[in-house]
Amino acid sequence: MDGRTWREVAYLLANLPCTVVGFVYAVTLLALGGGLSVTVIGLPLLALALGGARLL
């Protein structure tokens with residue numbers, strides 16, 4: 001493999017922690033907001049989760 005391939009592999013490995021955090025954040029808050037959507041808390045929680053996901 002040449003140098004470009006190693007740089008791309010290093011880039012992917014460097015971004016792995018951020019990707020895992022984003023996935024856990026999205027799944028947790030979507031499940032929590034979806035479950036609570038029948039209450040007053042659910043829809044604002046989904047809106048805040050969307051805003052947080054955009055920042056991430």
# chains A, B, ... in the order shown; residues from 1 in each chain; ligands from 1
$ select_by_dssp --residues "range 21-53 of chain A" --states "alpha helix (DSSP H)" --output "list in words"
Val21, Gly22, Phe23, Val24, Tyr25, Ala26, Val27, Thr28, Leu29, Leu30, Ala31, Leu32, Gly33, Gly34, Gly35, Gly42, Leu43, Pro44, Leu45, Leu46, Ala47, Leu48, Ala49, Leu50, Gly51, Gly52 and Ala53 of chain A
$ residues_around --residues "range 17-31 of chain A" --least-positions-apart "3" --cutoff "12 Å" --atoms "only C-alpha atoms" --output "list in words"
Tyr11, Leu12, Leu13, Ala14, Gly34, Gly35, Leu36, Ser37, Gly42, Leu43, Pro44, Leu45, Leu46, Ala47, Leu48, Ala49, Leu50, Gly51, Gly52, Ala53, Arg54, Leu55 and Leu56 of chain A
$ decode --residues "range 2-49 of chain A" --atoms "N, CA and C atoms" --output "mmCIF file, in the first residue's frame"
data_model
loop_
_atom_site.group_PDB
_atom_site.id
_atom_site.type_symbol
_atom_site.label_atom_id
_atom_site.label_comp_id
_atom_site.auth_asym_id
_atom_site.auth_seq_id
_atom_site.Cartn_x
_atom_site.Cartn_y
_atom_site.Cartn_z
ATOM 1 N N ASP A 2 0.384 2.264 -0.642
ATOM 2 C CA ASP A 2 1.159 3.498 -0.719
ATOM 3 C C ASP A 2 0.812 4.438 0.439
ATOM 4 N N GLY A 3 1.440 5.598 0.456
ATOM 5 C CA GLY A 3 1.260 6.540 1.560
ATOM 6 C C GLY A 3 -0.138 7.092 1.671
ATOM 7 N N ARG A 4 -0.791 7.279 0.537
ATOM 8 C CA ARG A 4 -2.143 7.834 0.568
ATOM 9 C C ARG A 4 -3.101 6.891 1.270
ATOM 10 N N THR A 5 -2.951 5.611 1.039
ATOM 11 C CA THR A 5 -3.817 4.627 1.689
ATOM 12 C C THR A 5 -3.635 4.667 3.200
ATOM 13 N N TRP A 6 -2.392 4.764 3.663
ATOM 14 C CA TRP A 6 -2.145 4.818 5.100
ATOM 15 C C TRP A 6 -2.716 6.093 5.720
ATOM 16 N N ARG A 7 -2.626 7.217 5.000
ATOM 17 C CA ARG A 7 -3.215 8.455 5.510
ATOM 18 C C ARG A 7 -4.724 8.342 5.616
ATOM 19 N N GLU A 8 -5.356 7.699 4.654
ATOM 20 C CA GLU A 8 -6.805 7.522 4.699
ATOM 21 C C GLU A 8 -7.218 6.595 5.834
ATOM 22 N N VAL A 9 -6.446 5.545 6.061
ATOM 23 C CA VAL A 9 -6.733 4.642 7.181
ATOM 24 C C VAL A 9 -6.561 5.383 8.508
ATOM 25 N N ALA A 10 -5.522 6.185 8.639
ATOM 26 C CA ALA A 10 -5.298 6.964 9.858
ATOM 27 C C ALA A 10 -6.433 7.962 10.080
ATOM 28 N N TYR A 11 -6.906 8.572 9.021
ATOM 29 C CA TYR A 11 -8.028 9.517 9.125
ATOM 30 C C TYR A 11 -9.284 8.815 9.626
ATOM 31 N N LEU A 12 -9.574 7.655 9.089
ATOM 32 C CA LEU A 12 -10.753 6.906 9.518
ATOM 33 C C LEU A 12 -10.644 6.467 10.976
ATOM 34 N N LEU A 13 -9.472 6.017 11.382
ATOM 35 C CA LEU A 13 -9.289 5.602 12.774
ATOM 36 C C LEU A 13 -9.344 6.792 13.724
ATOM 37 N N ALA A 14 -8.889 7.949 13.291
ATOM 38 C CA ALA A 14 -8.952 9.139 14.137
ATOM 39 C C ALA A 14 -10.384 9.613 14.323
ATOM 40 N N ASN A 15 -11.232 9.417 13.334
ATOM 41 C CA ASN A 15 -12.622 9.852 13.427
ATOM 42 C C ASN A 15 -13.542 8.817 14.064
ATOM 43 N N LEU A 16 -13.045 7.637 14.331
ATOM 44 C CA LEU A 16 -13.878 6.579 14.897
ATOM 45 C C LEU A 16 -14.491 6.950 16.246
ATOM 46 N N PRO A 17 -13.747 7.522 17.212
ATOM 47 C CA PRO A 17 -14.375 7.867 18.495
ATOM 48 C C PRO A 17 -15.517 8.874 18.346
ATOM 49 N N CYS A 18 -15.336 9.873 17.514
ATOM 50 C CA CYS A 18 -16.394 10.865 17.310
ATOM 51 C C CYS A 18 -17.621 10.229 16.665
ATOM 52 N N THR A 19 -17.404 9.307 15.770
ATOM 53 C CA THR A 19 -18.506 8.616 15.116
ATOM 54 C C THR A 19 -19.288 7.755 16.099
ATOM 55 N N VAL A 20 -18.580 7.056 16.968
ATOM 56 C CA VAL A 20 -19.240 6.217 17.966
ATOM 57 C C VAL A 20 -20.053 7.075 18.935
ATOM 58 N N VAL A 21 -19.487 8.188 19.367
ATOM 59 C CA VAL A 21 -20.207 9.100 20.262
ATOM 60 C C VAL A 21 -21.464 9.640 19.580
ATOM 61 N N GLY A 22 -21.349 10.035 18.327
ATOM 62 C CA GLY A 22 -22.512 10.544 17.593
ATOM 63 C C GLY A 22 -23.588 9.501 17.411
ATOM 64 N N PHE A 23 -23.197 8.273 17.140
ATOM 65 C CA PHE A 23 -24.171 7.196 16.964
ATOM 66 C C PHE A 23 -24.899 6.903 18.268
ATOM 67 N N VAL A 24 -24.155 6.794 19.358
ATOM 68 C CA VAL A 24 -24.780 6.517 20.656
ATOM 69 C C VAL A 24 -25.698 7.667 21.050
ATOM 70 N N TYR A 25 -25.276 8.890 20.816
ATOM 71 C CA TYR A 25 -26.101 10.064 21.115
ATOM 72 C C TYR A 25 -27.407 10.025 20.323
ATOM 73 N N ALA A 26 -27.308 9.783 19.045
ATOM 74 C CA ALA A 26 -28.500 9.784 18.196
ATOM 75 C C ALA A 26 -29.462 8.659 18.564
ATOM 76 N N VAL A 27 -28.954 7.466 18.754
ATOM 77 C CA VAL A 27 -29.828 6.333 19.073
ATOM 78 C C VAL A 27 -30.477 6.525 20.436
ATOM 79 N N THR A 28 -29.712 6.976 21.419
ATOM 80 C CA THR A 28 -30.248 7.157 22.768
ATOM 81 C C THR A 28 -31.336 8.220 22.795
ATOM 82 N N LEU A 29 -31.051 9.370 22.223
ATOM 83 C CA LEU A 29 -32.036 10.449 22.305
ATOM 84 C C LEU A 29 -33.237 10.221 21.391
ATOM 85 N N LEU A 30 -33.059 9.555 20.276
ATOM 86 C CA LEU A 30 -34.218 9.241 19.447
ATOM 87 C C LEU A 30 -35.114 8.222 20.131
ATOM 88 N N ALA A 31 -34.529 7.234 20.770
ATOM 89 C CA ALA A 31 -35.340 6.248 21.481
ATOM 90 C C ALA A 31 -36.034 6.882 22.681
ATOM 91 N N LEU A 32 -35.311 7.695 23.415
ATOM 92 C CA LEU A 32 -35.890 8.356 24.584
ATOM 93 C C LEU A 32 -36.970 9.352 24.164
ATOM 94 N N GLY A 33 -36.693 10.162 23.162
ATOM 95 C CA GLY A 33 -37.689 11.131 22.693
ATOM 96 C C GLY A 33 -38.895 10.465 22.062
ATOM 97 N N GLY A 34 -38.655 9.379 21.324
ATOM 98 C CA GLY A 34 -39.782 8.650 20.733
ATOM 99 C C GLY A 34 -40.659 8.002 21.786
ATOM 100 N N GLY A 35 -40.037 7.459 22.806
ATOM 101 C CA GLY A 35 -40.811 6.848 23.890
ATOM 102 C C GLY A 35 -41.568 7.869 24.713
ATOM 103 N N LEU A 36 -40.996 9.036 24.862
ATOM 104 C CA LEU A 36 -41.647 10.083 25.649
ATOM 105 C C LEU A 36 -42.513 11.016 24.806
ATOM 106 N N SER A 37 -42.670 10.727 23.533
ATOM 107 C CA SER A 37 -43.437 11.629 22.668
ATOM 108 C C SER A 37 -44.914 11.679 23.032
ATOM 109 N N VAL A 38 -45.401 10.732 23.800
ATOM 110 C CA VAL A 38 -46.793 10.769 24.238
ATOM 111 C C VAL A 38 -46.974 11.715 25.421
ATOM 112 N N THR A 39 -45.870 12.192 25.986
ATOM 113 C CA THR A 39 -45.945 13.139 27.092
ATOM 114 C C THR A 39 -45.551 14.525 26.592
ATOM 115 N N VAL A 40 -45.547 15.476 27.490
ATOM 116 C CA VAL A 40 -45.178 16.845 27.140
ATOM 117 C C VAL A 40 -43.667 16.960 26.931
ATOM 118 N N ILE A 41 -42.903 16.051 27.482
ATOM 119 C CA ILE A 41 -41.446 16.138 27.451
ATOM 120 C C ILE A 41 -40.870 15.668 26.115
ATOM 121 N N GLY A 42 -41.532 14.742 25.432
ATOM 122 C CA GLY A 42 -40.955 14.062 24.277
ATOM 123 C C GLY A 42 -40.619 14.947 23.103
ATOM 124 N N LEU A 43 -41.547 15.765 22.656
ATOM 125 C CA LEU A 43 -41.302 16.582 21.464
ATOM 126 C C LEU A 43 -40.229 17.655 21.676
ATOM 127 N N PRO A 44 -40.233 18.362 22.818
ATOM 128 C CA PRO A 44 -39.096 19.279 23.034
ATOM 129 C C PRO A 44 -37.759 18.551 23.144
ATOM 130 N N LEU A 45 -37.771 17.355 23.708
ATOM 131 C CA LEU A 45 -36.539 16.569 23.790
ATOM 132 C C LEU A 45 -36.041 16.197 22.398
ATOM 133 N N LEU A 46 -36.947 15.830 21.507
ATOM 134 C CA LEU A 46 -36.545 15.526 20.132
ATOM 135 C C LEU A 46 -35.993 16.766 19.433
ATOM 136 N N ALA A 47 -36.587 17.923 19.693
ATOM 137 C CA ALA A 47 -36.092 19.160 19.090
ATOM 138 C C ALA A 47 -34.694 19.499 19.608
ATOM 139 N N LEU A 48 -34.471 19.339 20.907
ATOM 140 C CA LEU A 48 -33.143 19.595 21.470
ATOM 141 C C LEU A 48 -32.127 18.574 20.975
ATOM 142 N N ALA A 49 -32.568 17.338 20.789
ATOM 143 C CA ALA A 49 -31.672 16.302 20.276
ATOM 144 C C ALA A 49 -31.233 16.633 18.855
#
